[in-house]
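Heads up, final_31.txt below (compact mmCIF, C-alpha atoms):
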```
# COMPACT_ATOMS: atom_id res chain seq x y z
CA MET V 1 89.63 92.36 84.46
CA SER V 2 88.71 88.70 84.43
CA SER V 3 90.56 86.32 86.69
CA ALA V 4 92.18 84.69 83.63
CA SER V 5 93.55 87.96 82.34
CA LYS V 6 94.52 89.09 85.83
CA SER V 7 96.55 85.94 86.36
CA ALA V 8 98.31 86.63 83.05
CA ALA V 9 99.37 90.08 84.27
CA THR V 10 102.83 89.90 85.82
CA GLY V 11 105.54 92.25 86.89
CA ALA V 12 105.82 94.96 89.47
CA VAL V 13 105.49 98.73 89.67
CA MET V 14 108.09 101.19 90.89
CA HIS V 15 107.16 104.62 92.15
CA TRP V 16 110.19 106.91 91.95
CA PHE V 17 109.87 109.55 94.65
CA ARG V 18 111.65 112.73 93.63
CA LYS V 19 110.42 115.98 95.16
CA GLY V 20 106.99 114.93 96.39
CA LEU V 21 108.22 113.01 99.43
CA ARG V 22 104.77 112.30 100.83
CA LEU V 23 102.06 109.68 100.64
CA HIS V 24 99.04 111.98 100.73
CA ASP V 25 98.18 114.26 97.81
CA ASN V 26 100.46 112.36 95.42
CA PRO V 27 98.72 111.68 92.07
CA ALA V 28 101.68 109.76 90.61
CA LEU V 29 101.71 107.41 93.62
CA LEU V 30 97.95 106.92 93.31
CA HIS V 31 98.47 105.99 89.66
CA ALA V 32 101.15 103.46 90.68
CA LEU V 33 98.74 101.93 93.18
CA SER V 34 96.05 101.68 90.50
CA LEU V 35 98.44 99.62 88.37
CA VAL V 36 98.66 96.88 91.02
CA ASP V 37 95.27 97.09 92.68
CA GLY V 38 91.79 96.93 91.28
CA LYS V 39 89.95 95.55 88.31
CA ASN V 40 92.02 97.53 85.78
CA SER V 41 95.41 96.61 87.22
CA LYS V 42 98.29 96.14 84.80
CA THR V 43 100.33 93.82 87.03
CA SER V 44 99.77 91.16 89.61
CA GLY V 45 102.99 92.09 91.40
CA ALA V 46 104.12 94.45 94.10
CA ILE V 47 104.82 98.14 94.23
CA TYR V 48 108.31 99.33 95.12
CA PRO V 49 108.71 102.90 96.43
CA VAL V 50 112.18 104.20 95.50
CA TYR V 51 114.21 107.32 96.22
CA VAL V 52 117.49 108.01 94.42
CA VAL V 53 120.00 110.24 96.16
CA ASP V 54 121.33 111.90 93.02
CA PRO V 55 124.51 113.79 93.90
CA ASN V 56 124.36 115.65 90.57
CA SER V 57 120.89 117.08 91.04
CA TYR V 58 120.41 120.79 91.52
CA ASN V 59 118.42 119.94 94.64
CA LEU V 60 121.60 118.67 96.35
CA LEU V 61 124.39 120.53 94.54
CA MET V 62 123.07 123.97 95.31
CA CYS V 63 121.57 123.53 98.74
CA SER V 64 122.70 124.50 102.20
CA VAL V 65 123.50 122.01 104.93
CA MET V 66 120.14 122.84 106.52
CA ARG V 67 118.29 122.07 103.26
CA ALA V 68 120.21 118.78 102.82
CA ASN V 69 119.30 117.81 106.38
CA PHE V 70 115.64 118.68 105.70
CA ILE V 71 115.62 116.43 102.61
CA LEU V 72 117.17 113.60 104.65
CA GLU V 73 114.52 114.03 107.36
CA CYS V 74 111.76 113.96 104.72
CA VAL V 75 113.17 110.71 103.28
CA LYS V 76 113.28 109.19 106.78
CA ASP V 77 109.69 110.31 107.48
CA LEU V 78 108.55 108.83 104.16
CA ASP V 79 110.21 105.51 104.98
CA ASN V 80 108.59 105.51 108.43
CA SER V 81 105.17 106.22 106.89
CA LEU V 82 105.62 103.38 104.41
CA ARG V 83 106.76 100.98 107.16
CA GLU V 84 103.63 101.83 109.17
CA ARG V 85 101.71 100.55 106.15
CA GLY V 86 103.75 97.36 105.74
CA SER V 87 106.10 98.63 103.04
CA ARG V 88 109.44 100.42 102.95
CA LEU V 89 111.40 102.95 100.92
CA TYR V 90 114.21 101.61 98.75
CA VAL V 91 117.01 104.20 98.73
CA VAL V 92 119.95 104.11 96.35
CA THR V 93 122.70 106.64 95.67
CA GLY V 94 123.96 107.57 92.23
CA ASP V 95 122.84 108.64 88.79
CA PRO V 96 119.20 107.59 88.28
CA VAL V 97 120.00 106.72 84.66
CA GLU V 98 122.37 104.04 85.96
CA GLU V 99 120.68 103.04 89.21
CA LEU V 100 117.03 102.69 88.13
CA PRO V 101 117.71 100.08 85.41
CA LYS V 102 119.57 97.96 87.98
CA LEU V 103 116.51 98.05 90.23
CA TRP V 104 114.12 97.34 87.34
CA LYS V 105 116.01 94.15 86.60
CA GLU V 106 116.50 93.11 90.23
CA LEU V 107 112.87 93.72 91.23
CA GLY V 108 111.13 92.65 88.01
CA ILE V 109 109.73 96.12 87.32
CA THR V 110 107.41 96.46 84.32
CA HIS V 111 105.88 99.87 85.09
CA MET V 112 107.23 103.04 86.72
CA THR V 113 105.56 106.22 87.90
CA HIS V 114 106.95 109.54 89.16
CA GLU V 115 105.79 113.11 89.46
CA ALA V 116 106.70 115.57 86.74
CA ASP V 117 109.73 117.77 87.27
CA GLU V 118 108.49 121.30 86.70
CA THR V 119 111.77 123.07 87.39
CA GLY V 120 112.94 123.07 83.77
CA GLU V 121 116.46 122.74 85.15
CA PRO V 122 118.66 121.44 82.28
CA TYR V 123 120.14 118.55 84.25
CA ALA V 124 116.66 117.35 85.28
CA VAL V 125 115.31 117.60 81.74
CA GLN V 126 118.21 115.56 80.34
CA ARG V 127 118.06 113.06 83.21
CA ASP V 128 114.36 112.47 82.65
CA ALA V 129 114.86 111.99 78.90
CA ASN V 130 117.66 109.51 79.57
CA VAL V 131 115.60 107.59 82.15
CA LYS V 132 112.70 107.47 79.69
CA ASP V 133 114.99 106.05 76.99
CA ALA V 134 116.45 103.49 79.40
CA ALA V 135 112.94 102.46 80.50
CA LYS V 136 111.83 101.97 76.91
CA LYS V 137 114.89 99.79 76.20
CA ALA V 138 114.19 97.77 79.37
CA GLY V 139 110.51 97.31 78.55
CA VAL V 140 109.38 99.44 81.48
CA SER V 141 106.36 101.61 80.77
```
Structure rendered as structure tokens:
Amino acid sequence: MSSASKSAATGAVMHWFRKGLRLHDNPALLHALSLVDGKNSKTSGAIYPVYVVDPNSYNLLMCSVMRANFILECVKDLDNSLRERGSRLYVVTGDPVEELPKLWKELGITHMTHEADETGEPYAVQRDANVKDAAKKAGVS
């Protein structure tokens, strides 16, 4: 990308961590990084790692206290790993369909990445469709 077209690229990228709470072996995160870094970048902005504590997700509704504690520890470890690299994890609680658009607006997000949800769980399928619709309306690709 030429310097003229790179300077015209604006916005920021959000990576929505869902189940893959790790930095290594994370293709969706690598894609997010490619959008802000390199000659083919789509933005000149930052990348914002986000985790949404969704109280309606199967992952939390149907888990034991031990599993919930494990998820919390994984989120803490992910935040620590990001902080070691000069970043941080943005954590919000609520319905992703409501919370993500607030963050898109607040942070100037133009692109979002996340890993695919392969559970086929009805709530997750509907949530993802609703987030996709909200992103389209907000101009987030």
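Here atom CA of Lys136 of chain V and atom CA of Trp104 of chain V stand 11.6 Å from one another.
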Checklist entry - Mind pulling up the distance from atom CA of Asn26 of chain V to atom CA of Thr110 of chain V? => result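 Straight-line distance from atom CA of Thr110 of chain V to atom CA of Asn26 of chain V works out to 20.6 Å.
Every protein or nucleic acid residue with an atom no more than 8 Å from segment 49-58 of chain V, counting all atoms listed in the file and leaving out same-chain residues fewer than 3 positions away, appears here: Met14, His15, Trp16, Phe17, Arg18, Leu61, Met62, Cys63, Val75, Arg88, Leu89, Tyr90, Val91, Val92, Thr93, Gly94, Asp95, Pro96, Glu99, Glu121, Tyr123 and Ala124 of chain V.
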Item to check | Neighbour residues at most 9 Å from (111.6, 116.6, 94.6) (only C-alpha atoms) as a list in words | outcome: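 Every polymer residue passing the test: Phe17, Arg18, Lys19, Gly20, Leu21, Asn59, Ile71, Glu115 and Asp117 of chain V.
Proximity to Leu103 of chain V was assessed for V:Thr119, V:Val125, V:Ala135, V:Ser141 counting all atoms listed in the file; the smallest distance is recorded for V:Ala135.
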Next on the checklist: As an exercise, work out the distance from atom CA of Asp128 of chain V to atom CA of Ser87 of chain V in Å and give it to one decimal place.
Outcome noted: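 Interatomic distance here is 26.0 Å.
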Test item: which residues lie within 12 Å of (112.9, 93.6, 86.2) counting only C-alpha atoms, as a compact mmCIF listing (two decimals) with C-alpha atoms, in the frame of the given file:
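The new file out.txt reads:
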```txt
# COMPACT_ATOMS: atom_id res chain seq x y z
CA THR V 10 102.83 89.90 85.82
CA GLY V 11 105.54 92.25 86.89
CA ALA V 12 105.82 94.96 89.47
CA VAL V 13 105.49 98.73 89.67
CA MET V 14 108.09 101.19 90.89
CA GLY V 45 102.99 92.09 91.40
CA ALA V 46 104.12 94.45 94.10
CA TYR V 48 108.31 99.33 95.12
CA LEU V 100 117.03 102.69 88.13
CA PRO V 101 117.71 100.08 85.41
CA LYS V 102 119.57 97.96 87.98
CA LEU V 103 116.51 98.05 90.23
CA TRP V 104 114.12 97.34 87.34
CA LYS V 105 116.01 94.15 86.60
CA GLU V 106 116.50 93.11 90.23
CA LEU V 107 112.87 93.72 91.23
CA GLY V 108 111.13 92.65 88.01
CA ILE V 109 109.73 96.12 87.32
CA THR V 110 107.41 96.46 84.32
CA HIS V 111 105.88 99.87 85.09
CA MET V 112 107.23 103.04 86.72
CA ALA V 135 112.94 102.46 80.50
CA LYS V 137 114.89 99.79 76.20
CA ALA V 138 114.19 97.77 79.37
CA GLY V 139 110.51 97.31 78.55
CA VAL V 140 109.38 99.44 81.48
CA SER V 141 106.36 101.61 80.77
```
